[in-house]
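S.K.: The structure follows.
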Amino acid sequence: MSDKDDPATDDWRQRFRAAEAELGHIILGQQRVIRLLLLSVLARGHVLLAGDVGTGKTTLLRAMARALGGPFARIEGTVDLLPSDLIYDAHLDDQGRPLIEPGPVLSRGEDLAVFFFNEINRARPQVHALLLRLMAEQSLTAFRREHRFPHLQVFADRNQIERDETFELPAAARDRFMLEIEVGLPQTREDRIALAFDTRFHDTDSLISHVTEGSLPYRGLNGLAREVQDRVHASEALQRYVFDLCDALRDPGAAGLSIEGADAERLVRGGVSPRGMQSLVRVARAAAWIEGRDMVLPQDVRAVFQPVMAHRTFLNPAYEPRRELLVPALISAAFDAIPVPAQ
């Protein structure tokens, strides 16, 4: 079945596809990243970005904020950043008197649509705790009143190169991110050469201006997300498939998985939570909807499984240094072992 006969829903779908094409023209070689970010917008989930510096993460998020048409704010993670620095901006006015004004989170008002926390693992755990509340409750208390952010989506990236003066996110904080998306270098030689020599990619402000502002009106996304989750269905066979995949990830030994160079019985210390399964279902439904379907298929689940589940899989300390190899191998082994239901 399809919902293409619903004009309002079809208009939203066309808007997402047009935004995907526009973003693809300005962020070369990142088609999968762009699709996953759009799915996170549609599923109303927060995103943790991973990858080397200079791969276009900030440019992509600024372009996404322009497509949403909503206010955008960012903060840089540093070892001396305090929780209050997210909320307040303390400085001296022109007469030298102390002045406290709204900080990055509050300065854009309650319509804040995108908040980008750059190098989140440079900030201390106390800062993570405040961000966790903001992500979970979409609210915080400041200036003697409660501030609510109904349209807020948080994006953060981790410094993966340096280890000095960094603080790894606790499991509870990482689980609040619906997806962790790897942003790598463009794969093709042509894209890398274009990024280096084509001058239109050198002026970020000009580049972002080519994105249609407000093409995905942020005030309508919460209602659209509820509609998508209500209208896109999953069969009982698909539900069992999702459960079995997640169960195998939690206990690979019991599932009979074989991972080269690892003892499946001892590999995983902590696995997928109920919130993680819920996130997987939400993103898979969004993936089905954007393709014009009202039913989730196994390929929808498999396409988003790693970015939703990899960061929620915690390995025993002996295996953690090889995480980048072992977690993809674990997911691949689960895909091989769990039968795909007939469509």
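Identifiers for the structure tokens are assigned positionally: chains receive A, B, ... in sequence, residues are indexed from 1 per chain, and ligands are indexed from 1 in the order shown.
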Skipping near chain neighbours, those fewer than 6 positions away, what residues fall within 9 Å of Asp85 (chain A) using only C-alpha atoms, listed as a PDB file with N, CA and C atoms, in the first residue's frame?
M.R.:
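Output file out.pdb follows:
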ATOM      1  N   GLY A 103      22.392  32.766  27.065  1.00  0.00           N
ATOM      2  CA  GLY A 103      23.495  32.108  26.383  1.00  0.00           C
ATOM      3  C   GLY A 103      23.043  31.411  25.114  1.00  0.00           C
ATOM      4  N   PRO A 104      23.877  30.507  24.581  1.00  0.00           N
ATOM      5  CA  PRO A 104      23.589  29.898  23.283  1.00  0.00           C
ATOM      6  C   PRO A 104      22.224  29.212  23.191  1.00  0.00           C
ATOM      7  N   VAL A 127      28.494  19.182  32.140  1.00  0.00           N
ATOM      8  CA  VAL A 127      27.878  19.791  30.957  1.00  0.00           C
ATOM      9  C   VAL A 127      27.028  18.758  30.223  1.00  0.00           C
TER      10      VAL A 127
END
S.K.: With a distance cut-off of 12 Å and only C-alpha atoms, select the neighbouring residues of Arg323 (chain A), excluding the residue or stretch itself and same-chain residues fewer than 2 positions from it, and output the selection as a PyMOL selection string.
M.R.: chain A and resi 261-262+267-268+310-311+313-321+325-331
S.K.: Excluding same-chain residues fewer than 5 positions from Pro217 (chain A), what lies within 9 Å of it counting only C-alpha atoms, as an MDAnalysis selection string?
M.R.: chainID A and resid 67:70
S.K.: Write a file of the selected residues as a PDB file, in the first residue's frame, keeping all heavy atoms.
M.R.:
ATOM      1  N   ALA A  67      17.384  24.764   5.683  1.00  0.00           N
ATOM      2  CA  ALA A  67      16.244  24.065   5.088  1.00  0.00           C
ATOM      3  C   ALA A  67      15.066  24.022   6.059  1.00  0.00           C
ATOM      4  O   ALA A  67      13.906  24.135   5.644  1.00  0.00           O
ATOM      5  CB  ALA A  67      16.646  22.647   4.677  1.00  0.00           C
ATOM      6  N   LEU A  68      15.347  23.890   7.342  1.00  0.00           N
ATOM      7  CA  LEU A  68      14.285  23.870   8.348  1.00  0.00           C
ATOM      8  C   LEU A  68      13.704  25.268   8.574  1.00  0.00           C
ATOM      9  O   LEU A  68      12.566  25.402   9.029  1.00  0.00           O
ATOM     10  CB  LEU A  68      14.814  23.320   9.672  1.00  0.00           C
ATOM     11  CG  LEU A  68      15.303  21.868   9.656  1.00  0.00           C
ATOM     12  CD1 LEU A  68      15.871  21.494  11.015  1.00  0.00           C
ATOM     13  CD2 LEU A  68      14.202  20.915   9.260  1.00  0.00           C
ATOM     14  N   GLY A  69      14.495  26.283   8.281  1.00  0.00           N
ATOM     15  CA  GLY A  69      14.017  27.648   8.432  1.00  0.00           C
ATOM     16  C   GLY A  69      13.946  28.123   9.862  1.00  0.00           C
ATOM     17  O   GLY A  69      13.364  29.169  10.144  1.00  0.00           O
ATOM     18  N   GLY A  70      14.523  27.380  10.782  1.00  0.00           N
ATOM     19  CA  GLY A  70      14.440  27.742  12.193  1.00  0.00           C
ATOM     20  C   GLY A  70      15.759  28.258  12.723  1.00  0.00           C
ATOM     21  O   GLY A  70      16.804  28.140  12.082  1.00  0.00           O
TER      22      GLY A  70
END
S.K.: If you take only C-alpha atoms and a cut-off of 12 Å, which residues of region 183-240 of chain A touch region 6-17 of chain A, and what are their nearest atom pairs and distances in Å to one decimal, in chain and number order, as a Markdown table?
M.R.:
| residue | atom | partner | partner_atom | distance |
| --- | --- | --- | --- | --- |
| A:Thr212 | CA | A:Arg15 | CA | 10.3 |
| A:Glu213 | CA | A:Arg15 | CA | 11.7 |
| A:Gly214 | CA | A:Arg15 | CA | 10.1 |
| A:Ser215 | CA | A:Arg15 | CA | 6.4 |
| A:Leu216 | CA | A:Arg15 | CA | 6.5 |
| A:Pro217 | CA | A:Arg15 | CA | 9.6 |
| A:Tyr218 | CA | A:Trp12 | CA | 11.7 |
| A:Gly220 | CA | A:Trp12 | CA | 9.7 |
| A:Leu221 | CA | A:Trp12 | CA | 9.5 |
| A:Gly223 | CA | A:Thr9 | CA | 11.1 |
| A:Leu224 | CA | A:Thr9 | CA | 8.1 |
| A:Ala225 | CA | A:Trp12 | CA | 10.8 |
| A:Glu227 | CA | A:Thr9 | CA | 9.0 |
| A:Val228 | CA | A:Thr9 | CA | 8.9 |
| A:Arg231 | CA | A:Thr9 | CA | 10.7 |
S.K.: Atoms to include: N, CA and C atoms. Write the selected residues as a CSV table (one decimal), in the first residue's frame.
M.R.:
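Result file is result_14.csv:
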chain,number,residue,atom,x,y,z
A,212,THR,N,17.2,26.1,-0.3
A,212,THR,CA,15.9,26.9,-0.1
A,212,THR,C,15.6,27.0,1.3
A,213,GLU,N,15.5,28.2,1.8
A,213,GLU,CA,15.2,28.5,3.2
A,213,GLU,C,13.8,28.1,3.6
A,214,GLY,N,13.6,27.3,4.6
A,214,GLY,CA,12.3,26.9,5.1
A,214,GLY,C,11.6,25.9,4.2
A,215,SER,N,12.4,25.1,3.4
A,215,SER,CA,11.7,24.1,2.5
A,215,SER,C,11.1,23.0,3.3
A,216,LEU,N,11.7,22.8,4.6
A,216,LEU,CA,11.1,21.8,5.5
A,216,LEU,C,10.7,22.5,6.7
A,217,PRO,N,9.5,23.2,6.7
A,217,PRO,CA,9.1,24.1,7.8
A,217,PRO,C,9.1,23.4,9.2
A,218,TYR,N,10.0,23.9,10.0
A,218,TYR,CA,10.3,23.2,11.3
A,218,TYR,C,9.0,23.1,12.2
A,220,GLY,N,6.1,22.4,11.4
A,220,GLY,CA,5.2,21.3,11.0
A,220,GLY,C,5.8,19.9,11.2
A,221,LEU,N,7.0,19.8,11.6
A,221,LEU,CA,7.7,18.5,11.6
A,221,LEU,C,7.2,17.6,12.8
A,223,GLY,N,4.2,17.3,14.0
A,223,GLY,CA,2.9,16.7,13.5
A,223,GLY,C,3.1,15.7,12.4
A,224,LEU,N,4.0,16.0,11.5
A,224,LEU,CA,4.3,15.1,10.4
A,224,LEU,C,4.9,13.8,11.0
A,225,ALA,N,5.8,13.9,12.0
A,225,ALA,CA,6.4,12.8,12.6
A,225,ALA,C,5.4,11.9,13.2
A,227,GLU,N,2.3,11.6,12.4
A,227,GLU,CA,1.5,11.0,11.4
A,227,GLU,C,2.2,9.8,10.7
A,228,VAL,N,3.5,10.0,10.5
A,228,VAL,CA,4.3,8.9,9.9
A,228,VAL,C,4.4,7.7,10.8
A,231,ARG,N,1.0,6.0,10.6
A,231,ARG,CA,0.5,5.4,9.4
A,231,ARG,C,1.3,4.3,8.8
S.K.: When DSSP works through the backbone of this structure, what residues of region 129-227 of chain A end up as strand (DSSP E), shown as a list in words?
M.R.: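 Restricting region 129-227 of chain A to strand (DSSP E) produces Ser139, Leu140, Thr141, Ala142, Arg145, Glu146, His147, Arg148, Gln153, Val154, Phe155, Ala156, Asp157, Phe177, Met178, Leu179, Glu180, Ile181 and Glu182 of chain A.
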S.K.: Given the selection you just returned, output its residues as a file containing C-alpha atoms, formatted as a compact mmCIF listing (two decimals), in the first residue's frame.
M.R.:
# COMPACT_ATOMS: atom_id res chain seq x y z
CA SER A 139 13.20 22.19 28.50
CA LEU A 140 15.39 23.85 31.12
CA THR A 141 15.02 26.37 33.94
CA ALA A 142 16.69 29.77 33.73
CA ARG A 145 11.16 30.34 34.68
CA GLU A 146 10.85 27.20 32.61
CA HIS A 147 11.90 27.43 28.95
CA ARG A 148 10.51 24.88 26.52
CA GLN A 153 16.95 18.83 17.62
CA VAL A 154 20.46 18.45 19.05
CA PHE A 155 23.46 17.53 16.91
CA ALA A 156 26.86 16.89 18.45
CA ASP A 157 30.20 15.66 17.21
CA PHE A 177 21.16 10.15 20.56
CA MET A 178 18.87 8.42 18.09
CA LEU A 179 21.68 7.94 15.57
CA GLU A 180 25.44 8.13 15.42
CA ILE A 181 26.43 8.99 11.85
CA GLU A 182 29.93 8.54 10.50
S.K.: From the set A:Leu36, A:Ala21, A:Ala43, A:Ile75, which residue has the shortest atom-to-atom contact distance to Arg226 (chain A), counting only C-alpha atoms?
M.R.: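 Of A:Leu36, A:Ala21, A:Ala43, A:Ile75, the one nearest Arg226 (chain A), counting only C-alpha atoms, is A:Ala43.
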S.K.: Name all residues at most 8 Å from Gly51 (chain A) (count only C-alpha atoms; drop same-chain ones fewer than 5 positions away) and give them as a list in words.
M.R.: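 In the requested format, the answer is Arg158, Asn159, Gln160, Glu182, Val183 and Gly184 of chain A.
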S.K.: Keeping N, CA, C and O atoms, export the residues of the selection given above as an mmCIF file, in the first residue's frame.
M.R.:
data_model
loop_
_atom_site.group_PDB
_atom_site.id
_atom_site.type_symbol
_atom_site.label_atom_id
_atom_site.label_comp_id
_atom_site.auth_asym_id
_atom_site.auth_seq_id
_atom_site.Cartn_x
_atom_site.Cartn_y
_atom_site.Cartn_z
ATOM 1 N N ARG A 158 32.010 14.366 18.078
ATOM 2 C CA ARG A 158 33.073 13.979 19.004
ATOM 3 C C ARG A 158 34.430 14.160 18.348
ATOM 4 O O ARG A 158 34.594 13.874 17.158
ATOM 5 N N ASN A 159 35.400 14.625 19.117
ATOM 6 C CA ASN A 159 36.786 14.665 18.669
ATOM 7 C C ASN A 159 37.339 13.240 18.760
ATOM 8 O O ASN A 159 37.504 12.701 19.853
ATOM 9 N N GLN A 160 37.590 12.624 17.626
ATOM 10 C CA GLN A 160 38.041 11.231 17.604
ATOM 11 C C GLN A 160 39.550 11.098 17.491
ATOM 12 O O GLN A 160 40.070 9.986 17.488
ATOM 13 N N GLU A 182 28.526 8.387 10.870
ATOM 14 C CA GLU A 182 29.928 8.545 10.498
ATOM 15 C C GLU A 182 30.019 9.430 9.257
ATOM 16 O O GLU A 182 29.407 9.146 8.222
ATOM 17 N N VAL A 183 30.769 10.538 9.378
ATOM 18 C CA VAL A 183 30.973 11.450 8.245
ATOM 19 C C VAL A 183 32.425 11.323 7.814
ATOM 20 O O VAL A 183 33.330 11.866 8.454
ATOM 21 N N GLY A 184 32.643 10.589 6.747
ATOM 22 C CA GLY A 184 34.000 10.357 6.270
ATOM 23 C C GLY A 184 34.319 11.205 5.056
ATOM 24 O O GLY A 184 33.555 12.084 4.645
#
S.K.: CA of Leu86 (chain A) to CA of Val105 (chain A): how many Å, to one decimal?
M.R.: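 Computed distance, CA of Leu86 (chain A) to CA of Val105 (chain A), equals 5.8 Å.
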S.K.: Residues at most 10 Å from Phe143 (chain A), counting only C-alpha atoms, excluding those fewer than 3 positions away in the same chain, as an mmCIF file with C-alpha atoms, in the first residue's frame?
M.R.:
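Resulting contents of result_27.cif:
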data_model
loop_
_atom_site.group_PDB
_atom_site.id
_atom_site.type_symbol
_atom_site.label_atom_id
_atom_site.label_comp_id
_atom_site.auth_asym_id
_atom_site.auth_seq_id
_atom_site.Cartn_x
_atom_site.Cartn_y
_atom_site.Cartn_z
ATOM 1 C CA ILE A 87 22.366 29.018 29.430
ATOM 2 C CA TYR A 88 23.950 32.356 30.397
ATOM 3 C CA ILE A 100 24.095 38.429 32.377
ATOM 4 C CA GLU A 101 22.226 37.726 29.146
ATOM 5 C CA PRO A 102 20.823 34.561 27.537
ATOM 6 C CA GLU A 146 10.853 27.198 32.608
ATOM 7 C CA HIS A 147 11.899 27.434 28.948
#
S.K.: Would you mind reading off the distance between CA of Asp294 (chain A) and CA of Leu42 (chain A), one decimal, in Å?
M.R.: 14.7 Å
S.K.: I need the residues of region 94-309 of chain A that end up classed as helix (DSSP H, G or I) by DSSP on the backbone, written out as a PyMOL selection string.
M.R.: chain A and resi 120-122+125-137+171-175+189-197+199-201+204-208+218-231+236-250+264-267+274-290+298-309
S.K.: Mind pulling up the distance from CA of Arg250 (chain A) to CA of Asp52 (chain A)?
M.R.: 28.9 Å
S.K.: Which residue, A:Val41, A:Leu23, A:Ala65, A:Ala337, has the smallest gap to Ile290 (chain A) when you use only C-alpha atoms?
M.R.: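 Among A:Val41, A:Leu23, A:Ala65, A:Ala337, it is A:Val41 that comes nearest to Ile290 (chain A).
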S.K.: Can you tell me, as a list of chain:residue names, what residues are no more than 8 Å from Glu265 (chain A) when counting only C-alpha atoms, ignoring any on the same chain fewer than 4 positions away?
M.R.: A:Asp251, A:Pro252, A:Gly253, A:Ala254
S.K.: List the spatial neighbours of Pro170 (chain A) as a list of chain:residue names - criterion: any atom at most 10 Å away, only C-alpha atoms, same-chain residues fewer than 2 positions off excluded.
M.R.: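 Contacts, with the query itself left out: A:Pro125, A:His128, A:Ala129, A:Phe167, A:Glu168, A:Ala172, A:Ala173, A:Arg174, A:Asp175.
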